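Data block below; observations after.
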Amino acid sequence: MPSLRQSYTVTVEEPAAFPFVKHDLRRKNHPMSRSVLMSTFMGFLINQAKNKSPQGLVGLRNLGNTCFMNSILQCLSNTPELRDYCLRNIHRTDLNNTCRAKAALMEEFAKLTQTLWTSVNNEAISPSDFKTQIQRYAPKFVGYNQQDAQEFLRFLLDGLHNEVNRVAVRPKVSVEDFDHLSDGEKGQRMWNKYLEREDSKVVDLFVGQLKSSLTCSECGFCSTVFDPFWDLSLPIAQKNSGEVTLTDCMRLFAKDDVLDGEEKPTCQRCKARRKCTKKFTVQKFPQILVLHLKRFSESHVRASKLSTFVNFPLKELDLREFASESSTHAVYNLYAVSNHSGNTLGGHYTAYCRNPTLGEWYSYNDSRVSPMSSSQIRSSDAYVLFYELAAHPHTRHQTYRL
């Protein structure tokens, strides 16, 4: 471990340095100042340096086909802002008063995260208390059947969000006409309306906004719809030759889709069903982008799994070609992968995560945690990819000496 005299570089984004401070001060008016948070953060770094065994390298016991849960929990534990949100107990200031007594899922998730990052030794811990709470929130996960990791992630994030939603009472949904606005203004108004009902640290990190454009082939009228998304499920591109890349999958997701025949929608201008072209672009990129590779498919006969190798970048995933607006900053760095090995009849989940403190990659296989080379991260088992938005070129870096 580095000595206490070694300098650490802490990235502070301007002008919104420590965005959670702004959200909390604006909405809660609690007395937690930026200096207190900074002091707490530096204390955490000092404890990291003093501890002989690096933190965050603790395994999770398999309770019986719970590898899907362990894999996702390790990916979330290595999500820096979510980890710090739990380590500093900031989630307690956000607990929704209307469900404070029921906020056991967020508490257990925070306790589990804290244990993973403050354990004196690296002995694996049991997530049994957490499992009790997630299955109360989502009875689908009662028992010990193997489950889908991406589906589990969606349920978990939804549960955490509901318990720390800054909106105590959701306003009634009102229908407003934004068609007279430009697409940029319309998208922003729709996003603001979403935040009037759904506003939490989880939303701050994981939720983006998709723009769906529908163009009539007869009159050329283009209508737009804006929807929030928590992750993107990407179809896996197929090629006769050459490797399949993540960009190929994104292009397949975003490609023009012709709606004809029974799929013809009604054109708002023609007032009749017309052949139209549908296209997706990303209006707002989230801080944490979760990309789900659609390896599993259902059919009337049997389920199947695609084991196609998809090549994805570890650094500088540039998604600007999929942005609605050309000026959007959309460059991401990979920090975690949830893997699935095996087939639809039986398989096993693991996680590869970049430790945010050490900057090194580790393999999380239930109870076992071991270092790994970055050259081992890409495989045909990659299932759910976790990317973090890279610092904007104008981000200011400050160095603090301990």
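Scheme for the structure tokens: letters A, B, ... for chains in order shown; per-chain residue numbers from 1; ligand numbers from 1 in order shown.
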Skip segment 148-161 of chain A itself and residues of its chain fewer than 2 positions away, then list as a PDB file with C-alpha atoms, in the first residue's frame all residues within 7 Å of it, counting only C-alpha atoms.
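And here is the file that came out, out19.pdb:
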ATOM      1  CA  PHE A  68     -26.244 -13.922 -10.050  1.00  0.00           C
ATOM      2  CA  MET A  69     -26.835 -11.735  -6.993  1.00  0.00           C
ATOM      3  CA  ILE A  72     -24.236  -7.695  -9.467  1.00  0.00           C
ATOM      4  CA  LEU A 105     -33.499  -2.774   1.481  1.00  0.00           C
ATOM      5  CA  MET A 106     -31.388   0.397   1.237  1.00  0.00           C
ATOM      6  CA  TYR A 137     -39.287  -6.255  -2.124  1.00  0.00           C
ATOM      7  CA  GLU A 163     -36.547   4.119  -0.724  1.00  0.00           C
ATOM      8  CA  VAL A 164     -34.314   7.164  -1.270  1.00  0.00           C
ATOM      9  CA  ASN A 165     -36.575   9.013  -3.676  1.00  0.00           C
ATOM     10  CA  SER A 200     -32.793  10.046  -6.210  1.00  0.00           C
ATOM     11  CA  VAL A 202     -29.785   6.208  -8.039  1.00  0.00           C
ATOM     12  CA  VAL A 384     -23.694  -6.879 -18.412  1.00  0.00           C
TER      13      VAL A 384
END
Applying 10 Å and only C-alpha atoms, which residues near Cys267 of chain A remain after dropping the ones on its own chain fewer than 5 positions away? List them as number ranges by chain.
A: 214-223, 272-276
Taking the chain letters and numbering used in this document, name the residues of segment 207-377 of chain A that DSSP puts in helix (DSSP H, G or I), as a ChimeraX atom specification.
/A:246-254,261-263,320-322,374-376
Could you turn the residues from that selection into a file that holds all heavy atoms, as a compact mmCIF listing (two decimals), in the first residue's frame?
# COMPACT_ATOMS: atom_id res chain seq x y z
N LEU A 246 -18.70 -3.91 -29.79
CA LEU A 246 -19.80 -3.30 -29.03
C LEU A 246 -20.46 -2.19 -29.85
O LEU A 246 -21.68 -2.01 -29.79
CB LEU A 246 -19.25 -2.74 -27.71
CG LEU A 246 -20.28 -2.19 -26.72
CD1 LEU A 246 -21.26 -3.28 -26.30
CD2 LEU A 246 -19.58 -1.60 -25.50
N THR A 247 -19.67 -1.49 -30.64
CA THR A 247 -20.23 -0.44 -31.50
C THR A 247 -21.18 -1.04 -32.53
O THR A 247 -22.21 -0.45 -32.87
CB THR A 247 -19.11 0.34 -32.20
OG1 THR A 247 -18.26 0.93 -31.21
CG2 THR A 247 -19.67 1.44 -33.09
N ASP A 248 -20.85 -2.24 -33.05
CA ASP A 248 -21.75 -2.94 -33.97
C ASP A 248 -23.11 -3.17 -33.30
O ASP A 248 -24.17 -3.00 -33.93
CB ASP A 248 -21.16 -4.28 -34.41
CG ASP A 248 -19.93 -4.13 -35.28
OD1 ASP A 248 -19.83 -3.12 -36.00
OD2 ASP A 248 -19.06 -5.03 -35.25
N CYS A 249 -23.07 -3.59 -32.04
CA CYS A 249 -24.31 -3.87 -31.31
C CYS A 249 -25.09 -2.58 -31.06
O CYS A 249 -26.32 -2.58 -31.15
CB CYS A 249 -23.99 -4.57 -29.99
SG CYS A 249 -23.16 -6.17 -30.17
N MET A 250 -24.39 -1.50 -30.75
CA MET A 250 -25.06 -0.22 -30.57
C MET A 250 -25.71 0.25 -31.86
O MET A 250 -26.83 0.77 -31.87
CB MET A 250 -24.06 0.83 -30.08
CG MET A 250 -23.76 0.80 -28.59
SD MET A 250 -25.16 1.28 -27.54
CE MET A 250 -25.50 2.95 -28.07
N ARG A 251 -25.03 0.06 -32.97
CA ARG A 251 -25.58 0.47 -34.26
C ARG A 251 -26.81 -0.36 -34.62
O ARG A 251 -27.77 0.16 -35.20
CB ARG A 251 -24.52 0.34 -35.35
CG ARG A 251 -23.46 1.44 -35.27
CD ARG A 251 -22.31 1.19 -36.22
NE ARG A 251 -21.31 2.28 -36.14
CZ ARG A 251 -20.07 2.17 -36.54
NH1 ARG A 251 -19.63 1.03 -37.08
NH2 ARG A 251 -19.23 3.20 -36.42
N LEU A 252 -26.79 -1.65 -34.26
CA LEU A 252 -27.95 -2.49 -34.51
C LEU A 252 -29.13 -2.04 -33.66
O LEU A 252 -30.28 -2.04 -34.11
CB LEU A 252 -27.59 -3.96 -34.22
CG LEU A 252 -28.64 -5.01 -34.54
CD1 LEU A 252 -29.02 -4.97 -36.03
CD2 LEU A 252 -28.15 -6.41 -34.16
N PHE A 253 -28.85 -1.64 -32.42
CA PHE A 253 -29.89 -1.13 -31.52
C PHE A 253 -30.50 0.16 -32.06
O PHE A 253 -31.72 0.37 -31.99
CB PHE A 253 -29.29 -0.91 -30.13
CG PHE A 253 -30.18 -0.15 -29.19
CD1 PHE A 253 -31.20 -0.80 -28.51
CD2 PHE A 253 -30.01 1.22 -28.99
CE1 PHE A 253 -32.04 -0.10 -27.64
CE2 PHE A 253 -30.84 1.92 -28.13
CZ PHE A 253 -31.85 1.26 -27.44
N ALA A 254 -29.65 1.03 -32.60
CA ALA A 254 -30.09 2.37 -33.00
C ALA A 254 -30.49 2.48 -34.47
O ALA A 254 -30.90 3.55 -34.93
CB ALA A 254 -28.99 3.39 -32.70
N GLY A 261 -47.04 -2.57 -42.85
CA GLY A 261 -48.03 -3.63 -42.69
C GLY A 261 -48.85 -3.41 -41.43
O GLY A 261 -49.37 -2.33 -41.17
N GLU A 262 -48.96 -4.47 -40.60
CA GLU A 262 -49.75 -4.37 -39.38
C GLU A 262 -49.10 -3.46 -38.34
O GLU A 262 -49.73 -3.06 -37.37
CB GLU A 262 -49.97 -5.77 -38.78
CG GLU A 262 -50.80 -6.69 -39.65
CD GLU A 262 -51.03 -8.04 -39.01
OE1 GLU A 262 -50.46 -8.26 -37.91
OE2 GLU A 262 -51.77 -8.87 -39.57
N GLU A 263 -47.82 -3.15 -38.55
CA GLU A 263 -47.10 -2.30 -37.59
C GLU A 263 -47.23 -0.81 -37.91
O GLU A 263 -46.68 0.02 -37.19
CB GLU A 263 -45.61 -2.68 -37.57
CG GLU A 263 -45.34 -4.07 -37.03
CD GLU A 263 -43.85 -4.35 -36.94
OE1 GLU A 263 -43.10 -3.85 -37.82
OE2 GLU A 263 -43.42 -5.02 -36.00
N ARG A 320 -20.61 9.17 -29.21
CA ARG A 320 -21.16 10.43 -29.71
C ARG A 320 -21.96 10.26 -30.99
O ARG A 320 -22.86 11.06 -31.27
CB ARG A 320 -20.03 11.44 -29.91
CG ARG A 320 -19.51 12.04 -28.61
CD ARG A 320 -18.32 12.96 -28.82
NE ARG A 320 -17.14 12.22 -29.27
CZ ARG A 320 -15.96 12.79 -29.50
NH1 ARG A 320 -15.82 14.09 -29.35
NH2 ARG A 320 -14.94 12.05 -29.88
N GLU A 321 -21.67 9.23 -31.76
CA GLU A 321 -22.45 9.04 -33.00
C GLU A 321 -23.90 8.66 -32.71
O GLU A 321 -24.76 8.74 -33.59
CB GLU A 321 -21.80 7.98 -33.90
CG GLU A 321 -21.88 6.56 -33.37
CD GLU A 321 -21.39 5.53 -34.40
OE1 GLU A 321 -22.21 5.14 -35.26
OE2 GLU A 321 -20.21 5.14 -34.33
N PHE A 322 -24.19 8.25 -31.46
CA PHE A 322 -25.55 7.86 -31.09
C PHE A 322 -26.27 8.95 -30.31
O PHE A 322 -27.38 8.74 -29.83
CB PHE A 322 -25.52 6.57 -30.27
CG PHE A 322 -24.77 5.45 -30.93
CD1 PHE A 322 -23.48 5.12 -30.53
CD2 PHE A 322 -25.33 4.76 -31.99
CE1 PHE A 322 -22.77 4.11 -31.16
CE2 PHE A 322 -24.63 3.74 -32.63
CZ PHE A 322 -23.34 3.43 -32.22
N SER A 374 -5.83 -6.96 -17.22
CA SER A 374 -6.85 -6.31 -18.03
C SER A 374 -7.05 -7.03 -19.36
O SER A 374 -8.11 -6.91 -19.99
CB SER A 374 -6.47 -4.85 -18.28
OG SER A 374 -5.21 -4.76 -18.93
N SER A 375 -6.05 -7.82 -19.79
CA SER A 375 -6.17 -8.57 -21.05
C SER A 375 -7.15 -9.74 -20.93
O SER A 375 -7.55 -10.31 -21.94
CB SER A 375 -4.79 -9.10 -21.48
OG SER A 375 -4.28 -10.00 -20.53
N GLN A 376 -7.55 -10.09 -19.71
CA GLN A 376 -8.47 -11.21 -19.49
C GLN A 376 -9.93 -10.77 -19.40
O GLN A 376 -10.82 -11.62 -19.32
CB GLN A 376 -8.09 -11.93 -18.18
CG GLN A 376 -6.69 -12.52 -18.16
CD GLN A 376 -6.34 -13.06 -16.77
OE1 GLN A 376 -6.21 -12.31 -15.80
NE2 GLN A 376 -6.21 -14.37 -16.68
So the first atom is atom CA of Tyr352 of chain A and the second is atom CA of Cys75 of chain A; what is the distance between them in Å, to one decimal place?
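Interatomic distance, atom CA of Tyr352 of chain A to atom CA of Cys75 of chain A: 7.7 Å.
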Which residue, A:Phe130, A:Phe312, A:Tyr335, A:Phe280, has the smallest gap to Ala390 of chain A when you use only C-alpha atoms?
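Among A:Phe130, A:Phe312, A:Tyr335, A:Phe280, it is A:Tyr335 that comes nearest to Ala390 of chain A.
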One-decimal distance in Å that lies between atom CA of Ser213 of chain A and atom CA of Leu259 of chain A:
12.1 Å
Check segment 216-384 of chain A with DSSP on the backbone and list each residue it calls strand (DSSP E), as a PyMOL selection string.
chain A and resi 216+222-229+232-234+244-245+257-259+266-267+272-273+276-284+288-293+296-297+304-305+310-311+317-318+331-342+347-354+361-365+368-371+382-384
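Distance check against Leu385 of chain A using only C-alpha atoms: of A:Gln268, A:Ser71, A:Thr132, A:Thr118, the minimum falls on A:Ser71.
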Excluding segment 119-129 of chain A and residues on its chain fewer than 3 positions from it, collect all residues at most 9 Å away from it, counting only C-alpha atoms, and give them as a count of residues only.
26
Spatial neighbours of Ala323 of chain A, 8 Å, only C-alpha atoms, chain gap at least 6 places, as a list of chain:residue names
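The neighbour list is A:Thr281, A:Val282, A:Gln283, A:Lys284, A:Ala330.
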Could you write out the selected residues, including all heavy atoms, as a CSV table (one decimal), in the first residue's frame?
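New file again_2.csv:
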chain,number,residue,atom,x,y,z
A,281,THR,N,-32.1,7.6,-30.6
A,281,THR,CA,-30.8,8.3,-30.3
A,281,THR,C,-30.9,8.5,-28.8
A,281,THR,O,-31.9,8.5,-28.2
A,281,THR,CB,-30.7,9.6,-31.1
A,281,THR,OG1,-31.8,10.4,-30.8
A,281,THR,CG2,-30.5,9.4,-32.5
A,282,VAL,N,-29.7,8.8,-28.2
A,282,VAL,CA,-29.6,9.1,-26.8
A,282,VAL,C,-29.6,10.6,-26.6
A,282,VAL,O,-28.7,11.3,-27.1
A,282,VAL,CB,-28.3,8.5,-26.2
A,282,VAL,CG1,-28.3,8.8,-24.7
A,282,VAL,CG2,-28.3,7.0,-26.4
A,283,GLN,N,-30.7,11.1,-25.9
A,283,GLN,CA,-30.8,12.5,-25.6
A,283,GLN,C,-30.0,12.9,-24.4
A,283,GLN,O,-29.3,14.0,-24.4
A,283,GLN,CB,-32.3,12.8,-25.3
A,283,GLN,CG,-32.6,14.3,-25.1
A,283,GLN,CD,-32.5,15.1,-26.4
A,283,GLN,OE1,-32.5,14.6,-27.5
A,283,GLN,NE2,-32.4,16.4,-26.3
A,284,LYS,N,-29.9,12.1,-23.4
A,284,LYS,CA,-29.2,12.3,-22.2
A,284,LYS,C,-28.4,11.1,-21.8
A,284,LYS,O,-29.0,10.0,-21.5
A,284,LYS,CB,-30.1,12.8,-21.1
A,284,LYS,CG,-29.3,13.1,-19.7
A,284,LYS,CD,-30.3,13.4,-18.6
A,284,LYS,CE,-29.6,13.6,-17.3
A,284,LYS,NZ,-28.8,12.5,-16.8
A,330,ALA,N,-19.9,12.1,-24.5
A,330,ALA,CA,-20.4,10.7,-24.4
A,330,ALA,C,-19.2,9.7,-24.5
A,330,ALA,O,-19.3,8.8,-25.4
A,330,ALA,CB,-21.5,10.4,-25.4
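Here atom CA of Thr350 of chain A stands at a distance of 5.0 Å from atom CA of Asn365 of chain A.
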Please provide the set of residues having any atom within 9 Å of segment 189-196 of chain A, restricted to only C-alpha atoms, with same-chain residues fewer than 5 positions apart removed, written as a list in words.
Val167, Arg170, Pro171, Val173, Phe178, Gly184, Val203, Gln209, Phe226, Asp227 and Pro228 of chain A
Just the selected residues (N, CA, C and O atoms), exported as a PDB file, in the first residue's frame, please.
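New file again-v3.pdb:
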ATOM      1  N   VAL A 167     -38.570  12.669  -3.749  1.00  0.00           N
ATOM      2  CA  VAL A 167     -39.965  13.104  -3.893  1.00  0.00           C
ATOM      3  C   VAL A 167     -40.807  12.309  -2.910  1.00  0.00           C
ATOM      4  O   VAL A 167     -41.016  11.106  -3.080  1.00  0.00           O
ATOM      5  N   ARG A 170     -45.536  11.805  -4.912  1.00  0.00           N
ATOM      6  CA  ARG A 170     -45.487  11.995  -6.359  1.00  0.00           C
ATOM      7  C   ARG A 170     -46.711  12.768  -6.836  1.00  0.00           C
ATOM      8  O   ARG A 170     -47.844  12.411  -6.506  1.00  0.00           O
ATOM      9  N   PRO A 171     -46.506  13.817  -7.631  1.00  0.00           N
ATOM     10  CA  PRO A 171     -47.658  14.562  -8.168  1.00  0.00           C
ATOM     11  C   PRO A 171     -48.404  13.729  -9.203  1.00  0.00           C
ATOM     12  O   PRO A 171     -47.853  12.781  -9.772  1.00  0.00           O
ATOM     13  N   VAL A 173     -49.920  12.597 -12.655  1.00  0.00           N
ATOM     14  CA  VAL A 173     -49.398  12.719 -14.020  1.00  0.00           C
ATOM     15  C   VAL A 173     -50.301  13.643 -14.824  1.00  0.00           C
ATOM     16  O   VAL A 173     -51.518  13.438 -14.898  1.00  0.00           O
ATOM     17  N   PHE A 178     -46.015  19.498 -25.716  1.00  0.00           N
ATOM     18  CA  PHE A 178     -44.694  20.095 -25.926  1.00  0.00           C
ATOM     19  C   PHE A 178     -44.287  20.094 -27.400  1.00  0.00           C
ATOM     20  O   PHE A 178     -43.151  20.397 -27.727  1.00  0.00           O
ATOM     21  N   GLY A 184     -34.710  19.780 -28.399  1.00  0.00           N
ATOM     22  CA  GLY A 184     -33.892  19.967 -27.210  1.00  0.00           C
ATOM     23  C   GLY A 184     -34.700  20.454 -26.022  1.00  0.00           C
ATOM     24  O   GLY A 184     -34.555  19.950 -24.902  1.00  0.00           O
ATOM     25  N   VAL A 203     -31.095   7.638  -9.491  1.00  0.00           N
ATOM     26  CA  VAL A 203     -31.446   8.270 -10.766  1.00  0.00           C
ATOM     27  C   VAL A 203     -30.298   9.150 -11.246  1.00  0.00           C
ATOM     28  O   VAL A 203     -29.940   9.151 -12.428  1.00  0.00           O
ATOM     29  N   GLN A 209     -31.771   9.302 -20.924  1.00  0.00           N
ATOM     30  CA  GLN A 209     -33.001   9.594 -21.674  1.00  0.00           C
ATOM     31  C   GLN A 209     -32.819   9.241 -23.143  1.00  0.00           C
ATOM     32  O   GLN A 209     -31.832   9.635 -23.769  1.00  0.00           O
ATOM     33  N   PHE A 226     -39.703  11.136 -25.764  1.00  0.00           N
ATOM     34  CA  PHE A 226     -38.531  11.028 -24.902  1.00  0.00           C
ATOM     35  C   PHE A 226     -38.875  10.155 -23.697  1.00  0.00           C
ATOM     36  O   PHE A 226     -39.867  10.406 -23.007  1.00  0.00           O
ATOM     37  N   ASP A 227     -38.052   9.149 -23.464  1.00  0.00           N
ATOM     38  CA  ASP A 227     -38.300   8.218 -22.365  1.00  0.00           C
ATOM     39  C   ASP A 227     -37.027   7.986 -21.558  1.00  0.00           C
ATOM     40  O   ASP A 227     -35.927   7.912 -22.124  1.00  0.00           O
ATOM     41  N   PRO A 228     -37.167   7.837 -20.229  1.00  0.00           N
ATOM     42  CA  PRO A 228     -35.991   7.523 -19.412  1.00  0.00           C
ATOM     43  C   PRO A 228     -35.581   6.065 -19.612  1.00  0.00           C
ATOM     44  O   PRO A 228     -36.409   5.216 -19.956  1.00  0.00           O
TER      45      PRO A 228
END
Nearest candidate to Glu388 of chain A (options A:Lys278, A:Ser297, A:Phe206, A:Thr245; using only C-alpha atoms):
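Smallest separation from Glu388 of chain A among the options: A:Phe206.
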Find the residues around Leu232 of chain A up to 9 Å (only C-alpha atoms counted), leave out those fewer than 2 positions away in its own chain, and share them as a list in words.
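Using only C-alpha atoms, the neighbours found are Phe229, Trp230, Leu234, Phe253, Leu289, Val290, Leu291, His292 and Leu293 of chain A.
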Output C-alpha atoms for every residue in the selection just made, as a PDB file, in the first residue's frame.
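Output below, filename out00.pdb:
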ATOM      1  CA  PHE A 229     -33.848   4.379 -19.452  1.00  0.00           C
ATOM      2  CA  TRP A 230     -31.965   2.531 -16.716  1.00  0.00           C
ATOM      3  CA  LEU A 234     -28.333  -4.475 -27.083  1.00  0.00           C
ATOM      4  CA  PHE A 253     -29.887  -1.135 -31.524  1.00  0.00           C
ATOM      5  CA  LEU A 289     -24.113   3.450 -18.468  1.00  0.00           C
ATOM      6  CA  VAL A 290     -25.220  -0.166 -18.117  1.00  0.00           C
ATOM      7  CA  LEU A 291     -25.127  -2.130 -21.372  1.00  0.00           C
ATOM      8  CA  HIS A 292     -26.862  -5.508 -21.436  1.00  0.00           C
ATOM      9  CA  LEU A 293     -25.815  -7.902 -24.189  1.00  0.00           C
TER      10      LEU A 293
END
